[in-house]
file my_file21.csv (CSV, C-alpha atoms)
chain,number,residue,atom,x,y,z
A,1,MET,CA,-45.1,-113.0,-239.9
A,2,LYS,CA,-43.3,-114.0,-236.7
A,3,LYS,CA,-40.0,-114.5,-238.6
A,4,SER,CA,-40.3,-111.1,-240.3
A,5,LEU,CA,-40.9,-109.4,-236.9
A,6,LEU,CA,-37.8,-111.1,-235.4
A,7,SER,CA,-35.8,-110.0,-238.4
A,8,PHE,CA,-37.0,-106.5,-237.9
A,9,ASP,CA,-36.2,-106.5,-234.2
A,10,ARG,CA,-32.6,-107.7,-234.8
A,11,SER,CA,-32.1,-105.1,-237.4
A,12,LEU,CA,-33.3,-102.4,-235.1
A,13,LEU,CA,-31.2,-103.7,-232.2
A,14,ASN,CA,-28.1,-103.8,-234.4
A,15,HIS,CA,-28.7,-100.2,-235.4
A,16,LEU,CA,-29.2,-99.1,-231.9
A,17,LEU,CA,-26.0,-100.8,-230.8
A,18,PHE,CA,-24.1,-99.1,-233.6
A,19,CYS,CA,-25.4,-95.7,-232.5
A,20,ILE,CA,-24.6,-96.3,-228.9
A,21,THR,CA,-21.1,-97.6,-229.7
A,22,PHE,CA,-20.4,-94.7,-232.1
A,23,CYS,CA,-21.5,-92.1,-229.5
A,24,PHE,CA,-19.4,-93.8,-226.8
A,25,PHE,CA,-16.2,-93.8,-228.8
A,26,LEU,CA,-16.9,-90.2,-229.9
A,27,PHE,CA,-17.3,-89.2,-226.3
A,28,VAL,CA,-14.2,-91.1,-225.2
A,29,SER,CA,-12.2,-89.6,-228.1
A,30,CYS,CA,-13.2,-86.0,-227.3
A,31,ASN,CA,-12.6,-86.4,-223.6
A,32,LYS,CA,-9.3,-88.2,-224.1
A,33,GLU,CA,-8.0,-85.3,-226.2
A,34,LYS,CA,-9.1,-82.9,-223.4
A,35,ASP,CA,-8.5,-84.8,-220.1
A,36,ASP,CA,-6.5,-87.9,-220.5
A,37,PRO,CA,-2.7,-88.0,-220.0
A,38,VAL,CA,-0.6,-87.7,-223.1
A,39,ASP,CA,1.5,-90.7,-224.0
A,40,ARG,CA,4.9,-89.2,-223.1
A,41,THR,CA,6.5,-86.3,-221.4
A,42,ILE,CA,10.2,-85.6,-221.9
A,43,ILE,CA,11.8,-83.5,-219.2
A,44,VAL,CA,15.1,-81.7,-219.8
A,45,TYR,CA,16.9,-80.6,-216.7
A,46,MET,CA,19.4,-78.0,-217.6
A,47,THR,CA,21.7,-76.4,-215.0
A,48,ALA,CA,24.2,-74.1,-216.7
A,49,ASP,CA,27.0,-71.8,-215.7
A,50,ALA,CA,28.5,-68.8,-217.6
A,51,GLN,CA,30.5,-71.2,-219.7
A,52,LEU,CA,27.4,-73.2,-220.7
A,53,SER,CA,24.9,-70.4,-221.0
A,54,GLU,CA,25.2,-69.8,-224.7
A,55,ASN,CA,25.1,-73.5,-225.5
A,56,ALA,CA,21.9,-73.9,-223.3
A,57,ALA,CA,20.2,-71.3,-225.5
A,58,LYS,CA,21.3,-72.9,-228.7
A,59,ASN,CA,20.2,-76.3,-227.5
A,60,ILE,CA,16.7,-75.1,-226.5
A,61,LYS,CA,16.4,-73.5,-230.0
A,62,ALA,CA,17.4,-76.8,-231.6
A,63,MET,CA,14.9,-78.7,-229.4
A,64,GLN,CA,12.2,-76.4,-230.6
A,65,GLY,CA,13.3,-77.0,-234.2
A,66,GLY,CA,13.0,-80.8,-233.7
A,67,TYR,CA,9.7,-80.7,-231.9
A,68,LYS,CA,6.6,-81.9,-233.8
A,69,GLU,CA,3.1,-82.2,-232.6
A,70,LYS,CA,3.0,-85.9,-231.7
A,71,GLY,CA,0.8,-85.8,-228.6
A,72,ALA,CA,3.9,-85.6,-226.4
A,73,ASN,CA,5.2,-82.8,-224.1
A,74,LEU,CA,8.7,-81.4,-224.2
A,75,ILE,CA,9.4,-79.6,-220.9
A,76,VAL,CA,12.6,-77.8,-220.1
A,77,TYR,CA,13.8,-76.7,-216.7
A,78,ILE,CA,16.5,-74.1,-217.2
A,79,ASP,CA,18.8,-72.5,-214.6
A,80,ASP,CA,21.0,-70.0,-216.3
A,81,PRO,CA,22.9,-67.5,-214.1
A,82,VAL,CA,23.7,-65.3,-217.1
A,83,THR,CA,20.1,-64.6,-218.0
A,84,SER,CA,18.8,-65.1,-214.4
A,85,GLN,CA,16.4,-67.7,-215.7
A,86,ARG,CA,15.2,-70.4,-213.3
A,87,GLN,CA,12.0,-71.7,-214.8
A,88,ILE,CA,10.0,-74.5,-216.3
A,89,GLN,CA,9.3,-74.0,-220.0
A,90,ARG,CA,7.1,-75.9,-222.4
A,91,ILE,CA,8.6,-76.1,-225.8
A,92,SER,CA,6.5,-76.3,-229.0
A,93,ASN,CA,6.8,-75.4,-232.6
A,94,ASN,CA,5.5,-71.9,-232.4
A,95,ASN,CA,6.6,-70.7,-229.0
A,96,ILE,CA,8.1,-71.3,-225.6
A,97,THR,CA,5.7,-71.0,-222.7
A,98,VAL,CA,6.9,-70.3,-219.2
A,99,LEU,CA,5.0,-72.6,-216.8
A,100,LYS,CA,6.7,-71.8,-213.5
A,101,THR,CA,9.4,-69.5,-212.2
A,102,TYR,CA,11.5,-70.3,-209.1
A,103,ALA,CA,13.0,-67.9,-206.7
A,104,GLU,CA,16.5,-68.5,-205.3
A,105,SER,CA,17.3,-72.2,-205.3
A,106,ASN,CA,20.3,-74.3,-206.1
A,107,SER,CA,19.7,-76.4,-209.1
A,108,ASN,CA,22.8,-78.4,-208.5
A,109,TYR,CA,21.3,-80.1,-205.4
A,110,ALA,CA,19.2,-83.2,-205.6
A,111,TYR,CA,16.3,-81.7,-203.6
A,112,GLN,CA,15.8,-79.1,-206.4
A,113,LEU,CA,16.0,-81.8,-209.1
A,114,GLU,CA,13.3,-83.8,-207.2
A,115,THR,CA,11.2,-80.6,-206.7
A,116,VAL,CA,11.3,-79.8,-210.4
A,117,LEU,CA,10.5,-83.3,-211.6
A,118,LYS,CA,7.5,-83.6,-209.3
A,119,ASP,CA,6.2,-80.2,-210.4
A,120,VAL,CA,6.4,-81.2,-214.1
A,121,ILE,CA,4.9,-84.6,-213.4
A,122,GLY,CA,2.1,-82.9,-211.6
A,123,MET,CA,1.4,-80.6,-214.5
A,124,TYR,CA,1.7,-83.4,-217.1
A,125,PRO,CA,0.7,-86.8,-215.8
A,126,SER,CA,1.7,-89.2,-218.6
A,127,GLU,CA,1.9,-92.9,-219.4
A,128,SER,CA,5.7,-92.6,-219.9
A,129,TYR,CA,8.5,-90.2,-219.2
A,130,GLY,CA,11.9,-89.5,-220.6
A,131,LEU,CA,14.7,-87.5,-218.8
A,132,VAL,CA,17.6,-85.5,-220.2
A,133,LEU,CA,20.2,-84.4,-217.7
A,134,TRP,CA,22.1,-81.5,-219.1
A,135,SER,CA,25.1,-79.9,-217.4
A,136,HIS,CA,28.7,-80.6,-216.5
A,137,GLY,CA,29.6,-84.1,-215.4
A,138,SER,CA,32.4,-86.0,-213.7
A,139,SER,CA,31.1,-89.5,-213.3
A,140,TRP,CA,30.9,-90.5,-209.6
A,141,LEU,CA,33.8,-88.5,-208.2
A,142,PRO,CA,33.2,-87.2,-204.6
A,143,THR,CA,35.1,-83.9,-204.8
A,144,THR,CA,33.3,-82.6,-207.8
A,145,LYS,CA,30.1,-84.5,-207.1
A,146,ALA,CA,29.2,-86.1,-210.4
A,147,PHE,CA,26.5,-83.8,-212.0
A,148,GLY,CA,26.1,-80.1,-211.9
A,149,THR,CA,27.8,-76.8,-212.7
A,150,GLY,CA,30.7,-76.4,-210.3
A,151,ASP,CA,31.8,-74.7,-207.0
A,152,ASN,CA,31.5,-78.1,-205.3
A,153,ARG,CA,27.7,-77.8,-205.4
A,154,GLN,CA,27.0,-80.7,-207.7
A,155,MET,CA,24.9,-83.7,-206.6
A,156,ASN,CA,26.6,-87.0,-206.2
A,157,ILE,CA,25.3,-89.9,-208.3
A,158,SER,CA,23.5,-91.8,-205.4
A,159,ASP,CA,21.6,-88.7,-204.4
A,160,LEU,CA,20.7,-88.0,-208.0
A,161,ALA,CA,19.3,-91.5,-208.4
A,162,ALA,CA,17.3,-91.2,-205.1
A,163,ALA,CA,15.8,-87.9,-206.3
A,164,LEU,CA,14.1,-89.5,-209.4
A,165,PRO,CA,10.4,-89.8,-208.4
A,166,VAL,CA,9.2,-92.0,-211.3
A,167,TRP,CA,10.4,-94.7,-213.7
A,168,PHE,CA,11.8,-93.3,-216.9
A,169,ASP,CA,11.7,-95.0,-220.2
A,170,PHE,CA,15.2,-93.5,-220.8
A,171,ILE,CA,17.7,-91.2,-219.2
A,172,LEU,CA,20.0,-89.3,-221.6
A,173,MET,CA,23.1,-87.9,-220.0
A,174,ASP,CA,24.2,-84.8,-221.8
A,175,ALA,CA,27.2,-84.4,-219.5
A,176,CYS,CA,30.8,-85.6,-219.5
A,177,VAL,CA,32.0,-89.0,-218.4
A,178,MET,CA,28.7,-90.4,-217.3
A,179,GLY,CA,28.8,-93.6,-219.3
A,180,THR,CA,30.7,-95.5,-216.6
A,181,VAL,CA,29.8,-98.7,-214.8
A,182,GLU,CA,29.6,-96.8,-211.5
A,183,VAL,CA,27.1,-94.3,-212.7
A,184,VAL,CA,24.8,-96.5,-214.8
A,185,TYR,CA,24.7,-99.1,-212.0
A,186,GLU,CA,23.5,-96.5,-209.5
A,187,LEU,CA,20.7,-95.6,-212.0
A,188,ARG,CA,19.7,-99.2,-212.8
A,189,ASN,CA,16.5,-99.1,-210.8
A,190,LYS,CA,15.2,-95.8,-212.3
A,191,THR,CA,15.1,-96.4,-216.0
A,192,ASP,CA,15.1,-98.9,-218.9
A,193,ILE,CA,17.7,-97.3,-221.0
A,194,ILE,CA,20.7,-95.0,-220.4
A,195,ILE,CA,22.3,-93.1,-223.2
A,196,ALA,CA,25.7,-91.6,-222.1
A,197,SER,CA,29.3,-91.1,-223.0
A,198,PRO,CA,32.2,-92.4,-220.9
A,199,THR,CA,34.4,-89.6,-222.3
A,200,GLU,CA,33.8,-85.9,-222.4
A,201,VAL,CA,30.9,-84.4,-224.3
A,202,VAL,CA,32.2,-81.7,-226.5
A,203,ASP,CA,31.0,-78.6,-228.4
A,204,LEU,CA,27.2,-78.2,-228.1
A,205,GLY,CA,26.5,-81.6,-226.7
A,206,PHE,CA,23.8,-83.6,-228.4
A,207,PRO,CA,22.4,-82.5,-231.7
A,208,TYR,CA,18.8,-81.9,-230.4
A,209,LYS,CA,16.9,-81.2,-233.6
A,210,PRO,CA,17.1,-84.8,-234.9
A,211,ILE,CA,17.3,-86.4,-231.5
A,212,ILE,CA,14.2,-84.7,-230.0
A,213,ASN,CA,12.2,-85.7,-233.1
A,214,GLU,CA,13.2,-89.4,-232.5
A,215,LEU,CA,12.4,-89.3,-228.8
A,216,LEU,CA,8.9,-88.0,-229.5
A,217,LYS,CA,8.0,-90.9,-231.8
A,218,ASP,CA,5.6,-93.6,-230.7
A,219,LYS,CA,8.3,-96.3,-231.0
A,220,LEU,CA,11.6,-95.3,-229.5
A,221,ASP,CA,14.7,-96.2,-231.5
A,222,PHE,CA,17.5,-95.6,-229.0
A,223,GLU,CA,20.1,-96.9,-231.4
A,224,LYS,CA,19.1,-94.2,-233.9
A,225,VAL,CA,19.3,-91.5,-231.2
A,226,ALA,CA,22.8,-92.5,-230.3
A,227,LYS,CA,23.8,-92.8,-233.9
A,228,GLU,CA,22.6,-89.2,-234.5
A,229,TYR,CA,25.0,-88.1,-231.8
A,230,PHE,CA,27.9,-90.1,-233.1
A,231,ASP,CA,27.5,-89.2,-236.8
A,232,TYR,CA,27.2,-85.5,-235.9
A,233,TYR,CA,30.8,-85.5,-234.5
A,234,ASN,CA,32.3,-88.3,-236.6
A,235,LYS,CA,31.5,-86.3,-239.8
A,236,LYS,CA,33.5,-83.3,-238.7
A,237,GLU,CA,37.0,-82.7,-240.0
A,238,PRO,CA,39.6,-84.8,-238.2
A,239,GLY,CA,40.9,-82.8,-235.2
A,240,GLN,CA,39.5,-81.6,-231.9
A,241,ASN,CA,35.9,-81.5,-233.0
A,242,GLN,CA,35.9,-85.1,-234.3
A,243,SER,CA,35.6,-86.5,-230.8
A,244,ALA,CA,32.8,-88.7,-229.5
A,245,THR,CA,32.0,-91.9,-227.7
A,246,ILE,CA,28.4,-93.0,-227.0
A,247,SER,CA,26.7,-96.0,-225.5
A,248,VAL,CA,23.2,-97.2,-225.1
A,249,ILE,CA,22.9,-99.3,-222.0
A,250,LYS,CA,20.1,-101.7,-221.0
A,251,THR,CA,19.7,-101.4,-217.2
A,252,ASN,CA,18.1,-104.8,-216.8
A,253,GLU,CA,21.4,-106.5,-217.7
A,254,LEU,CA,23.6,-104.5,-215.3
A,255,GLU,CA,23.1,-106.8,-212.3
A,256,ASN,CA,24.1,-109.7,-214.5
A,257,LEU,CA,27.2,-107.7,-215.6
A,258,ALA,CA,28.1,-107.1,-212.0
A,259,ALA,CA,27.7,-110.8,-211.2
A,260,VAL,CA,29.8,-112.0,-214.1
A,261,THR,CA,32.5,-109.5,-213.2
A,262,ASN,CA,32.5,-110.7,-209.6
A,263,GLN,CA,32.8,-114.3,-210.8
A,264,MET,CA,35.6,-113.5,-213.1
A,265,LEU,CA,37.5,-111.6,-210.4
A,266,GLY,CA,37.1,-114.5,-208.0
A,267,ASN,CA,40.0,-114.4,-205.5
A,268,ARG,CA,42.5,-112.8,-207.8
A,269,LYS,CA,44.9,-110.3,-206.3
A,270,PHE,CA,45.4,-106.8,-207.5
A,271,ASN,CA,48.1,-104.4,-206.5
A,272,MET,CA,47.1,-100.8,-207.1
A,273,ARG,CA,50.6,-99.6,-206.3
A,274,THR,CA,52.4,-101.6,-208.9
A,275,PHE,CA,49.8,-101.7,-211.7
A,276,SER,CA,50.5,-99.3,-214.6
A,277,ARG,CA,47.5,-97.3,-215.7
A,278,ASN,CA,49.5,-96.1,-218.7
A,279,ILE,CA,48.8,-99.4,-220.5
A,280,VAL,CA,45.0,-99.1,-220.2
A,281,GLN,CA,42.8,-97.2,-222.7
A,282,ARG,CA,42.1,-93.8,-221.0
A,283,PHE,CA,39.0,-91.8,-221.5
A,284,GLU,CA,40.4,-88.5,-220.3
A,285,LYS,CA,43.1,-86.2,-221.7
A,286,ASP,CA,45.9,-86.6,-219.2
A,287,TYR,CA,47.0,-89.9,-217.6
A,288,LEU,CA,48.2,-87.9,-214.5
A,289,SER,CA,44.7,-86.7,-213.7
A,290,CYS,CA,42.7,-89.5,-215.5
A,291,ASN,CA,40.1,-91.3,-213.4
A,292,THR,CA,38.1,-93.0,-216.2
A,293,TYR,CA,39.4,-95.9,-218.3
A,294,ASP,CA,37.9,-98.6,-220.6
A,295,PHE,CA,36.2,-101.1,-218.3
A,296,LEU,CA,37.1,-104.3,-220.2
A,297,ASP,CA,40.6,-103.1,-221.2
A,298,PHE,CA,41.4,-102.5,-217.5
A,299,LEU,CA,40.4,-105.9,-216.4
A,300,GLU,CA,42.1,-107.6,-219.3
A,301,LYS,CA,45.4,-105.8,-218.6
A,302,ALA,CA,45.1,-106.4,-214.8
A,303,PHE,CA,44.2,-110.1,-215.0
A,304,PRO,CA,45.6,-111.5,-218.3
A,305,ASP,CA,45.2,-115.1,-217.3
A,306,ALA,CA,41.4,-114.9,-216.7
A,307,ASP,CA,38.7,-116.2,-219.1
A,308,PHE,CA,37.0,-113.1,-220.4
A,309,ASN,CA,34.5,-114.8,-222.8
A,310,PRO,CA,31.6,-114.7,-220.3
A,311,LEU,CA,32.2,-111.1,-219.5
A,312,LYS,CA,32.5,-110.1,-223.2
A,313,GLU,CA,29.2,-112.0,-223.9
A,314,GLN,CA,27.5,-110.1,-221.0
A,315,ILE,CA,28.8,-106.8,-222.2
A,316,GLU,CA,27.2,-107.5,-225.6
A,317,LYS,CA,23.9,-108.2,-223.9
A,318,THR,CA,24.2,-105.0,-221.8
A,319,LEU,CA,25.1,-102.6,-224.6
A,320,LEU,CA,22.4,-102.0,-227.2
A,321,TYR,CA,24.8,-99.7,-229.2
A,322,ARG,CA,28.3,-98.2,-228.9
A,323,ALA,CA,30.5,-96.2,-231.1
A,324,ASN,CA,33.6,-94.1,-230.9
A,325,THR,CA,35.7,-91.8,-233.1
A,326,PRO,CA,39.3,-93.0,-233.7
A,327,ARG,CA,40.8,-90.1,-231.7
A,328,PHE,CA,39.6,-87.7,-229.0
A,329,PHE,CA,40.5,-84.0,-228.8
A,330,ASP,CA,43.3,-84.9,-231.3
A,331,GLU,CA,45.3,-85.8,-228.2
A,332,TYR,CA,44.9,-89.6,-227.8
A,333,ASP,CA,43.8,-92.5,-229.8
A,334,ILE,CA,40.8,-94.7,-228.9
A,335,GLU,CA,42.2,-98.1,-229.7
A,336,THR,CA,39.7,-100.2,-227.8
A,337,PHE,CA,36.2,-99.3,-226.6
A,338,CYS,CA,33.8,-101.7,-224.8
A,339,GLY,CA,31.2,-99.0,-224.3
A,340,LEU,CA,31.7,-98.5,-220.5
A,341,GLY,CA,34.2,-96.5,-218.5
A,342,SER,CA,35.6,-97.6,-215.1
A,343,TYR,CA,37.7,-96.3,-212.3
A,344,ILE,CA,41.0,-98.0,-211.4
A,345,PRO,CA,41.9,-97.9,-207.7
A,346,ASN,CA,44.6,-95.2,-207.2
A,347,PRO,CA,47.0,-95.4,-204.3
A,348,ASP,CA,47.4,-91.6,-204.3
A,349,ARG,CA,43.7,-90.9,-203.9
A,350,ASN,CA,42.5,-92.4,-200.6
A,351,ASP,CA,39.6,-89.9,-200.7
A,352,TYR,CA,38.4,-91.4,-204.0
A,353,ASN,CA,39.0,-95.0,-202.8
A,354,PHE,CA,37.1,-94.5,-199.6
A,355,TYR,CA,34.1,-93.0,-201.3
A,356,TYR,CA,34.2,-95.5,-204.2
A,357,GLN,CA,33.7,-98.4,-201.8
A,358,LYS,CA,30.3,-97.0,-200.9
A,359,LEU,CA,29.0,-97.3,-204.4
A,360,ASP,CA,26.6,-100.1,-205.3
A,361,TRP,CA,28.8,-101.2,-208.2
A,362,CYS,CA,31.9,-101.7,-206.0
A,363,LYS,CA,30.5,-104.5,-203.8
A,364,ALA,CA,28.2,-106.1,-206.4
A,365,SER,CA,30.9,-106.4,-209.0
A,366,GLY,CA,33.7,-107.6,-206.7
A,367,PHE,CA,35.6,-104.4,-207.2
A,368,ASP,CA,35.9,-104.1,-203.4
A,369,LYS,CA,38.5,-106.9,-203.6
A,370,LEU,CA,40.7,-104.6,-205.7
A,371,PHE,CA,41.3,-102.4,-202.6
A,372,GLN,CA,42.5,-105.2,-200.3

call {"tool": "encode", "arguments": {"input": "my_file21.csv", "output": "C-alpha cells"}}
result
Amino acid sequence: MKKSLLSFDRSLLNHLLFCITFCFFLFVSCNKEKDDPVDRTIIVYMTADAQLSENAAKNIKAMQGGYKEKGANLIVYIDDPVTSQRQIQRISNNNITVLKTYAESNSNYAYQLETVLKDVIGMYPSESYGLVLWSHGSSWLPTTKAFGTGDNRQMNISDLAAALPVWFDFILMDACVMGTVEVVYELRNKTDIIIASPTEVVDLGFPYKPIINELLKDKLDFEKVAKEYFDYYNKKEPGQNQSATISVIKTNELENLAAVTNQMLGNRKFNMRTFSRNIVQRFEKDYLSCNTYDFLDFLEKAFPDADFNPLKEQIEKTLLYRANTPRFFDEYDIETFCGLGSYIPNPDRNDYNFYYQKLDWCKASGFDKLFQ
C-alpha cells in the first residue's frame, strides 16, 4: 500500500511539473513574439542626389522583393532631394511604412548618420545588426570626404567610424572604392565583416533582391552575398556593364595585416618622385587622376627584393572572398587583384599626403615610412 501511494505521488508530481513547464514555455513564447527583440535588424542608410535618385527607388523596390518574413527588420533611411524624402521606412512584403520623418538636415554629415542609427536602434532593439551604407564613395580622400553625395559635404571615414553606435555583424558598402586598406582599417573596431569594392560600383549597385534574402537568414553566408553581386555583373555582355570587383574582409585579421606589412617594409626606402605608378594595377579609369591601386601589386612593384610570402598568407587569412571581372568599364584590364585597394604616395598631392598620415592604417602598417 505504501509503495502504491508513492507511485501515485510521483505520477501526480510528474504531471504537475509537465503542466507547469508547458504553461511556462507557452507564456514565454507568446511574450517573446510580442515583447522580445527580434534576432536582427538591417539598417540601410541611403543618401542620394539627383543622379542617384532613380536608382534609390529601384533598390528599395528590389529590397522589398527580396524581403521575407524571417523575424528580422529591414529598415531604410532615405534622403532623396528629388522626392524631398528624408525619412525612416520599414520595408516588408506588402508595404513600406514610414516610421519617422526628419526636417531639414544634412545626411552627408556623421552626426546625422549617428542620429538615424540611434533612432532605429531605439525603435528596434535587436540581438544583432547589419548596416548597408549606400551613396557615392571615394575611399578616404580628404577633399571629397569618403562617403556621401557631393558638394564637399560628405563625411570622412574616421568620422563615419566614430558615428557608429553599436557593433555590426556586417557593413556592406554600396559605394565606390571603399574596399581599400585605409577604409576597412578605420572600421575594424565596428564590425566583424566588411563587404566592399575597391573599384567603382556601377549601374544599380548591389542586386538587392537576392542579397537581402541572404542577409535575413539565420546563418549569414557572406561569401554567397558577395558572389551574388559578382555574378550579377559578370554575366552581363562584355563591355562597360561587365565591371565588378568585390571583397569580403574579416576585420579581426586587419591588425595582423598591418603588422605583417610593417615588418615587410622594415627600413626599406621608397622614393615617391621616381616611382612609376603606371606599372601598378589601377582601380580607377585614368592613371592621371587615379588614387587607388592594388595593395599587393603596389608593394611588389615598389619592393621587388622583399619576401612577400608572409604578406600573401595574411591576405588569404584576411579575405574571406574576392572576385573580379577581367576588365573594367571596357577601359582597363584587371590583371591582378588581391582584394584590397591602396593609395600610393603622390608627390603632386601634398594635401592628400598630409591627411593620409593621420589615418590609423598609415602608422600601423608602416606606410608612414613611405613619406620620408

call {"tool": "closest_residue", "arguments": {"input": "my_file21.csv", "among": "A:Gln85, A:Asn262, A:Gln372, A:Asn252", "to": "Leu319 in chain A", "atoms": "all atoms listed in the file"}}
result
A:Asn252

call {"tool": "residues_near_point", "arguments": {"input": "my_file21.csv", "point": "(37.9, -94.1, -215.8)", "cutoff": "7 Å", "atoms": "all atoms listed in the file", "output": "PyMOL selection string"}}
result
chain A and resi 282-283+290-294+341-344

call {"tool": "atom_distance", "arguments": {"input": "my_file21.csv", "atom1": "CA of Glu255 in chain A", "atom2": "CA of His136 in chain A"}}
result
27.1 Å

call {"tool": "closest_residue", "arguments": {"input": "my_file21.csv", "among": "A:Ala226, A:Asp360, A:Met63, A:Gln263", "to": "Asn189 in chain A", "atoms": "only C-alpha atoms"}}
result
A:Asp360

call {"tool": "closest_residue", "arguments": {"input": "my_file21.csv", "among": "A:Phe354, A:Tyr229, A:Phe275, A:Tyr129", "to": "Asp39 in chain A", "atoms": "all atoms listed in the file"}}
result
A:Tyr129

call {"tool": "atom_distance", "arguments": {"input": "my_file21.csv", "atom1": "CA of Glu331 in chain A", "atom2": "CA of Leu204 in chain A"}}
result
19.6 Å

call {"tool": "closest_residue", "arguments": {"input": "my_file21.csv", "among": "A:Val248, A:Tyr208, A:Lys317, A:Gly148", "to": "Asn106 in chain A", "atoms": "all atoms listed in the file"}}
result
A:Gly148

call {"tool": "residues_near_point", "arguments": {"input": "my_file21.csv", "point": "(21.0, -95.7, -219.4)", "cutoff": "7 Å", "atoms": "all atoms listed in the file", "output": "JSON, numbers by chain"}}
result
{"A": [170, 171, 172, 184, 191, 192, 193, 194, 195, 196, 248, 249, 250, 251]}

call {"tool": "atom_distance", "arguments": {"input": "my_file21.csv", "atom1": "CA of Asp368 in chain A", "atom2": "CA of Phe270 in chain A"}}
result
10.7 Å

call {"tool": "residues_around", "arguments": {"input": "my_file21.csv", "residues": "range 53-58 of chain A", "least_positions_apart": "5", "cutoff": "8 Å", "atoms": "only C-alpha atoms", "output": "PDB file with C-alpha atoms, keeping the file's coordinate frame"}}
result
ATOM      1  CA  MET A  46      19.400 -78.000-217.600  1.00  0.00           C
ATOM      2  CA  ALA A  48      24.200 -74.100-216.700  1.00  0.00           C
ATOM      3  CA  ASP A  80      21.000 -70.000-216.300  1.00  0.00           C
ATOM      4  CA  PRO A  81      22.900 -67.500-214.100  1.00  0.00           C
ATOM      5  CA  VAL A  82      23.700 -65.300-217.100  1.00  0.00           C
ATOM      6  CA  LEU A 204      27.200 -78.200-228.100  1.00  0.00           C
TER       7      LEU A 204
END

call {"tool": "closest_residue", "arguments": {"input": "my_file21.csv", "among": "A:Lys369, A:Lys217, A:Lys190, A:Lys235", "to": "Thr41 in chain A", "atoms": "all atoms listed in the file"}}
result
A:Lys217

call {"tool": "residues_around", "arguments": {"input": "my_file21.csv", "residues": "Glu284 in chain A", "least_positions_apart": "4", "cutoff": "12 Å", "atoms": "all atoms listed in the file", "output": "ChimeraX atom specification"}}
result
/A:138-139,176-177,197-201,243-245,278,280,288-294,327-334,341-343

call {"tool": "closest_residue", "arguments": {"input": "my_file21.csv", "among": "A:Ala161, A:Ile78, A:Val166, A:Val98", "to": "Trp134 in chain A", "atoms": "only C-alpha atoms"}}
result
A:Ile78
